[in-house]
$ cat query_21.pdb   # PDB, C-alpha atoms and all ligand atoms
MODEL        1
ATOM      1  CA  MET A 201       4.162  -7.600 -37.079
ATOM      2  CA  ARG A 202       1.343  -7.655 -34.530
ATOM      3  CA  VAL A 203       0.459  -4.979 -31.943
ATOM      4  CA  VAL A 204      -0.998  -6.108 -28.610
ATOM      5  CA  LEU A 205      -2.537  -3.825 -25.986
ATOM      6  CA  PHE A 206      -2.675  -5.191 -22.442
ATOM      7  CA  GLN A 207      -5.938  -4.193 -20.758
ATOM      8  CA  PRO A 208      -6.036  -0.669 -22.231
ATOM      9  CA  ASP A 209      -7.977   1.808 -20.126
ATOM     10  CA  ILE A 210      -8.114   5.048 -22.124
ATOM     11  CA  PRO A 211     -10.468   4.762 -25.115
ATOM     12  CA  GLN A 212      -8.951   7.663 -27.074
ATOM     13  CA  ASN A 213      -5.523   6.006 -27.002
ATOM     14  CA  THR A 214      -6.886   2.678 -28.191
ATOM     15  CA  GLY A 215      -8.874   4.327 -30.996
ATOM     16  CA  THR A 216      -5.771   6.225 -32.090
ATOM     17  CA  ILE A 217      -3.651   3.054 -32.035
ATOM     18  CA  LEU A 218      -6.225   1.084 -34.022
ATOM     19  CA  ARG A 219      -6.342   3.845 -36.634
ATOM     20  CA  LEU A 220      -2.541   3.654 -36.852
ATOM     21  CA  CYS A 221      -2.728  -0.120 -37.287
ATOM     22  CA  ALA A 222      -5.329   0.282 -40.030
ATOM     23  CA  CYS A 223      -3.142   2.773 -41.892
ATOM     24  CA  LEU A 224       0.007   0.651 -41.579
ATOM     25  CA  GLY A 225      -1.674  -2.680 -42.315
ATOM     26  CA  VAL A 226      -0.855  -4.170 -38.909
ATOM     27  CA  GLU A 227      -3.105  -6.595 -36.995
ATOM     28  CA  ALA A 228      -4.182  -5.342 -33.547
ATOM     29  CA  HIS A 229      -4.879  -7.480 -30.466
ATOM     30  CA  ILE A 230      -6.567  -6.442 -27.230
ATOM     31  CA  ILE A 231      -6.157  -8.401 -24.008
ATOM     32  CA  GLU A 232      -9.292  -7.932 -21.889
ATOM     33  CA  PRO A 233     -10.556  -6.556 -19.659
ATOM     34  CA  ALA A 234     -10.301  -3.153 -21.282
ATOM     35  CA  GLY A 235     -11.443  -0.204 -19.226
ATOM     36  CA  PHE A 236     -14.241   0.706 -21.680
ATOM     37  CA  PRO A 237     -16.719  -1.006 -24.041
ATOM     38  CA  ILE A 238     -16.166  -0.950 -27.811
ATOM     39  CA  SER A 239     -19.318   1.150 -28.036
ATOM     40  CA  ASP A 240     -17.525   3.933 -26.074
ATOM     41  CA  ARG A 241     -17.985   7.190 -27.983
ATOM     42  CA  HIS A 242     -14.445   8.443 -27.280
ATOM     43  CA  PHE A 243     -13.040   5.186 -28.658
ATOM     44  CA  ARG A 244     -15.180   5.365 -31.790
ATOM     45  CA  ARG A 245     -14.441   9.044 -32.293
ATOM     46  CA  ALA A 246     -10.655   8.486 -32.121
ATOM     47  CA  GLY A 247     -10.782   5.422 -34.355
ATOM     48  CA  MET A 248     -13.393   6.821 -36.745
ATOM     49  CA  ASP A 249     -14.223   4.646 -39.763
ATOM     50  CA  TYR A 250     -10.673   3.273 -39.657
ATOM     51  CA  LEU A 251     -12.017   0.830 -37.083
ATOM     52  CA  ASP A 252     -13.737  -0.996 -39.955
ATOM     53  CA  GLN A 253     -10.412  -1.366 -41.777
ATOM     54  CA  VAL A 254      -8.298  -2.993 -39.079
ATOM     55  CA  THR A 255      -8.170  -6.626 -38.010
ATOM     56  CA  ILE A 256      -8.873  -6.648 -34.264
ATOM     57  CA  VAL A 257      -8.405  -9.848 -32.271
ATOM     58  CA  ARG A 258      -9.775  -9.763 -28.731
ATOM     59  CA  HIS A 259      -8.544 -12.163 -26.046
ATOM     60  CA  ASP A 260     -10.692 -12.674 -22.947
ATOM     61  CA  SER A 261      -7.682 -12.921 -20.636
ATOM     62  CA  TRP A 262      -3.918 -13.124 -20.474
ATOM     63  CA  ALA A 263      -4.229 -16.942 -20.445
ATOM     64  CA  ALA A 264      -6.314 -16.872 -23.623
ATOM     65  CA  PHE A 265      -3.751 -14.619 -25.271
ATOM     66  CA  GLU A 266      -0.943 -16.989 -24.275
ATOM     67  CA  ALA A 267      -2.865 -19.912 -25.761
ATOM     68  CA  TRP A 268      -3.208 -17.984 -29.024
ATOM     69  CA  ARG A 269       0.507 -17.127 -28.976
ATOM     70  CA  ALA A 270       1.455 -20.771 -28.489
ATOM     71  CA  ARG A 271      -0.494 -21.591 -31.652
ATOM     72  CA  SER A 272       0.605 -18.627 -33.734
ATOM     73  CA  GLY A 273       4.306 -18.383 -32.815
ATOM     74  CA  GLY A 274       6.398 -15.213 -32.857
ATOM     75  CA  ARG A 275       8.491 -13.547 -30.193
ATOM     76  CA  LEU A 276       6.750 -11.520 -27.514
ATOM     77  CA  VAL A 277       8.452  -8.118 -27.426
ATOM     78  CA  LEU A 278       7.374  -6.015 -24.446
ATOM     79  CA  PHE A 279       7.762  -2.237 -24.437
ATOM     80  CA  SER A 280       8.369  -1.109 -20.891
ATOM     81  CA  THR A 281       9.705   1.969 -19.156
ATOM     82  CA  LYS A 282      11.638  -0.408 -16.876
ATOM     83  CA  ALA A 283      13.441  -2.314 -19.639
ATOM     84  CA  ALA A 284      17.178  -1.972 -20.207
ATOM     85  CA  THR A 285      17.507  -2.590 -23.959
ATOM     86  CA  PRO A 286      16.918   0.454 -26.192
ATOM     87  CA  TYR A 287      14.309  -0.265 -28.855
ATOM     88  CA  LEU A 288      16.657   0.841 -31.646
ATOM     89  CA  ASP A 289      19.095  -1.956 -30.721
ATOM     90  CA  HIS A 290      16.545  -4.709 -31.350
ATOM     91  CA  ILE A 291      16.567  -6.636 -34.647
ATOM     92  CA  TYR A 292      12.854  -6.942 -35.460
ATOM     93  CA  ARG A 293      11.281  -9.848 -37.326
ATOM     94  CA  ASP A 294       8.100  -9.853 -39.393
ATOM     95  CA  ASP A 295       6.303 -12.115 -36.920
ATOM     96  CA  ASP A 296       7.264 -10.189 -33.768
ATOM     97  CA  ILE A 297       4.384  -9.509 -31.363
ATOM     98  CA  LEU A 298       4.795  -6.011 -29.905
ATOM     99  CA  LEU A 299       3.145  -5.740 -26.475
ATOM    100  CA  PHE A 300       2.223  -2.474 -24.715
ATOM    101  CA  GLY A 301       1.005  -2.035 -21.150
ATOM    102  CA  ARG A 302      -2.053  -0.329 -19.767
ATOM    103  CA  GLU A 303      -1.911   3.398 -19.241
ATOM    104  CA  SER A 304      -2.434   3.306 -15.482
ATOM    105  CA  ALA A 305      -0.177   0.433 -14.465
ATOM    106  CA  GLY A 306       1.840  -1.063 -17.320
ATOM    107  CA  VAL A 307       1.875  -4.877 -17.032
ATOM    108  CA  PRO A 308       2.198  -7.219 -14.015
ATOM    109  CA  ASP A 309       5.381  -9.176 -13.294
ATOM    110  CA  ASP A 310       4.161 -12.459 -14.804
ATOM    111  CA  VAL A 311       3.623 -10.672 -18.107
ATOM    112  CA  VAL A 312       7.074  -9.072 -17.885
ATOM    113  CA  ASN A 313       8.570 -12.508 -17.259
ATOM    114  CA  ALA A 314       6.703 -14.087 -20.172
ATOM    115  CA  ALA A 315       8.230 -11.660 -22.679
ATOM    116  CA  ASP A 316      11.061 -12.867 -24.908
ATOM    117  CA  GLU A 317      12.457  -9.339 -25.197
ATOM    118  CA  ARG A 318      11.931  -6.181 -23.149
ATOM    119  CA  LEU A 319      12.614  -2.837 -24.810
ATOM    120  CA  VAL A 320      12.634   0.777 -23.702
ATOM    121  CA  ILE A 321      12.354   3.994 -25.667
ATOM    122  CA  PRO A 322      14.917   6.123 -23.851
ATOM    123  CA  ILE A 323      13.489   9.417 -22.595
ATOM    124  CA  ALA A 324      14.911  12.382 -20.689
ATOM    125  CA  SER A 325      15.802  11.797 -17.064
ATOM    126  CA  GLY A 326      13.028  12.790 -14.674
ATOM    127  CA  MET A 327      10.300  12.046 -17.266
ATOM    128  CA  ARG A 328       8.003   9.149 -16.316
ATOM    129  CA  SER A 329       6.766   7.732 -19.622
ATOM    130  CA  LEU A 330       5.446   8.385 -23.097
ATOM    131  CA  ASN A 331       1.785   8.202 -24.002
ATOM    132  CA  VAL A 332       1.076   4.622 -25.073
ATOM    133  CA  ALA A 333      -0.187   5.658 -28.535
ATOM    134  CA  MET A 334       3.035   7.608 -29.108
ATOM    135  CA  THR A 335       4.988   4.563 -27.953
ATOM    136  CA  VAL A 336       3.209   2.313 -30.442
ATOM    137  CA  ALA A 337       3.839   4.819 -33.246
ATOM    138  CA  MET A 338       7.552   4.991 -32.487
ATOM    139  CA  ALA A 339       7.857   1.227 -32.056
ATOM    140  CA  LEU A 340       6.021   0.435 -35.300
ATOM    141  CA  GLY A 341       7.995   3.106 -37.139
ATOM    142  CA  GLU A 342      11.247   1.364 -36.269
ATOM    143  CA  ALA A 343       9.955  -2.207 -36.580
ATOM    144  CA  LEU A 344       8.491  -1.599 -40.036
ATOM    145  CA  ARG A 345      11.507   0.418 -41.156
ATOM    146  CA  GLN A 346      13.632  -2.632 -40.446
ATOM    147  CA  THR A 347      11.317  -5.277 -41.838
ATOM    148  CA  ARG A 348       9.679  -3.742 -44.910
ATOM    149  CA  SER A 349       9.432  -0.647 -47.038
ATOM    150  CA  VAL A 350       6.490   1.187 -45.561
ATOM    151  CA  PHE A 351       4.040   1.512 -48.458
ATOM    152  CA  SER A 352       6.719   3.406 -50.395
ATOM    153  CA  SER A 353       5.118   3.013 -53.819
ATOM    154  CA  GLU A 354       1.465   2.738 -52.853
ATOM    155  CA  VAL A 355       1.288   5.510 -50.293
ATOM    156  CA  GLY A 356      -1.840   7.620 -50.408
ATOM    157  CA  THR A 357      -2.021  11.292 -49.564
ATOM    158  CA  GLY A 358      -5.212  10.575 -47.694
ATOM    159  CA  SER A 359      -7.742  12.879 -46.180
ATOM    160  CA  ARG A 360      -9.325  12.987 -42.800
TER     161      ARG A 360
HETATM  162  C1  LIG B 401       1.710   5.338 -19.690
HETATM  163  S1  LIG B 401       2.713   3.932 -19.820
HETATM  164  C2  LIG B 401       2.486   3.077 -18.293
HETATM  165  C3  LIG B 401       3.112   3.713 -17.132
HETATM  166  C4  LIG B 401       3.102   2.809 -15.932
HETATM  167  N1  LIG B 401       3.053   3.603 -14.734
HETATM  168  C5  LIG B 401       4.340   1.902 -15.889
HETATM  169  O1  LIG B 401       5.159   2.079 -15.017
HETATM  170  O2  LIG B 401       4.493   1.045 -16.763
HETATM  171  C6  LIG B 401       1.787   2.850 -20.838
HETATM  172  C7  LIG B 401       2.637   1.935 -21.676
HETATM  173  O3  LIG B 401       3.322   2.685 -22.662
HETATM  174  C8  LIG B 401       4.547   2.063 -22.977
HETATM  175  N2  LIG B 401       5.626   3.036 -22.732
HETATM  176  C9  LIG B 401       5.485   4.325 -22.328
HETATM  177  N3  LIG B 401       6.667   4.938 -22.302
HETATM  178  C10 LIG B 401       7.580   4.013 -22.690
HETATM  179  C11 LIG B 401       9.001   4.052 -22.884
HETATM  180  N4  LIG B 401       9.713   5.162 -22.656
HETATM  181  N5  LIG B 401       9.617   2.925 -23.304
HETATM  182  C12 LIG B 401       8.903   1.792 -23.542
HETATM  183  N6  LIG B 401       7.568   1.704 -23.383
HETATM  184  C13 LIG B 401       6.922   2.801 -22.967
HETATM  185  C14 LIG B 401       4.647   0.832 -22.111
HETATM  186  O4  LIG B 401       4.187  -0.286 -22.833
HETATM  187  C15 LIG B 401       3.724   1.173 -20.953
HETATM  188  O5  LIG B 401       3.254   0.035 -20.309
ENDMDL
END

$ encode --input "query_21.pdb" --output "structure tokens"
Amino acid sequence: MRVVLFQPDIPQNTGTILRLCACLGVEAHIIEPAGFPISDRHFRRAGMDYLDQVTIVRHDSWAAFEAWRARSGGRLVLFSTKAATPYLDHIYRDDDILLFGRESAGVPDDVVNAADERLVIPIASGMRSLNVAMTVAMALGEALRQTRSVFSSEVGTGSR
């Protein structure tokens, strides 16, 4: 499983997502341009020292990401508020690439069209969207539930 953030623009969300990826042993990808530098203090505060424990792959552009995907393989699974398929109906595979849009604008149409699957987390009518970090947590929860036992025997109690 890989998590990909498309041009993220809120550093706290990205730090939180990277911490989640570190804890769940999932590789994280960022498609640039992000709306902040990796030296951003809000980003580093949210990610804390977990940022040293996660594999982060940065792609300079959408085209660079697509070139990487052509080499690496795996289905591109876009999470979008405009999708029709509920995320619980998808059969996840280990090598799925889970893609999440930027906080301000989601993803452009060419990115939507490039996705192999488009999934929605159904929410109450009248609500616009979930926070992207919450979306990643819910998506990974389901994807990893289906594809592996989530650190069942080696789980740590952890501390902050
Ligand atoms: C704050 S939302 C973006 C809202 C943006 N105005 C739009 O229309 O896409 C940021 C990202 O979180 C994910 N997301 C948020 N709520 C979601 C939902 N209910 N189902 C699927 N993805 C969701 C999507 O990847 C989205 O691009």

$ closest_residue --input "query_21.pdb" --among "A:Ala315, A:Val254, A:Leu278, A:Ala270" --to "Thr335 in chain A" --atoms "all atoms listed in the file"
A:Leu278

$ axis_aligned_box --input "query_21.pdb" --around "range 238-256 of chain A" --padding-each-side "4 Å" --output "AutoDock Vina command-line options"
--center_x -13.7 --center_y 1.2 --center_z -33.9 --size_x 19.1 --size_y 23.7 --size_z 23.7

$ residues_around --input "query_21.pdb" --residues "Met248 in chain A" --least-positions-apart "3" --cutoff "8 Å" --atoms "all atoms listed in the file" --output "MDAnalysis selection string"
chainID A and resid 215 219 244:245 251

$ closest_atom_pairs --input "query_21.pdb" --of "chain A" --to "ligand LIG 401 (chain B)" --cutoff "8 Å" --atoms "all atoms listed in the file" --output "tab-separated table"
residue	atom	partner	partner_atom	distance
A:Leu278	CA	B:LIG401	O4	6.8
A:Phe279	CA	B:LIG401	N6	4.1
A:Ser280	CA	B:LIG401	N6	3.8
A:Thr281	CA	B:LIG401	N5	4.3
A:Lys282	CA	B:LIG401	O1	7.2
A:Ala283	CA	B:LIG401	C12	7.3
A:Tyr287	CA	B:LIG401	C12	7.9
A:Leu299	CA	B:LIG401	O4	6.6
A:Phe300	CA	B:LIG401	O4	3.5
A:Gly301	CA	B:LIG401	O5	3.2
A:Arg302	CA	B:LIG401	C6	5.1
A:Glu303	CA	B:LIG401	C6	4.1
A:Ser304	CA	B:LIG401	N1	5.5
A:Ala305	CA	B:LIG401	C4	4.3
A:Gly306	CA	B:LIG401	O2	3.4
A:Val307	CA	B:LIG401	O5	6.1
A:Leu319	CA	B:LIG401	C12	6.1
A:Val320	CA	B:LIG401	N5	3.7
A:Ile321	CA	B:LIG401	N5	3.8
A:Pro322	CA	B:LIG401	N4	5.4
A:Ile323	CA	B:LIG401	N4	5.7
A:Arg328	CA	B:LIG401	C3	7.4
A:Ser329	CA	B:LIG401	N3	3.9
A:Leu330	CA	B:LIG401	N3	3.7
A:Asn331	CA	B:LIG401	C1	5.2
A:Val332	CA	B:LIG401	O3	3.8
A:Ala333	CA	B:LIG401	O3	7.5
A:Met334	CA	B:LIG401	C9	7.9
A:Thr335	CA	B:LIG401	N2	5.5
A:Val336	CA	B:LIG401	C8	7.6

$ resolve_selection --input "query_21.pdb" --expression "the PyMOL selection byres (((chain A and resi 347) around 7) and not hetatm)" --output "ChimeraX atom specification"
/A:292-294,343-346,348
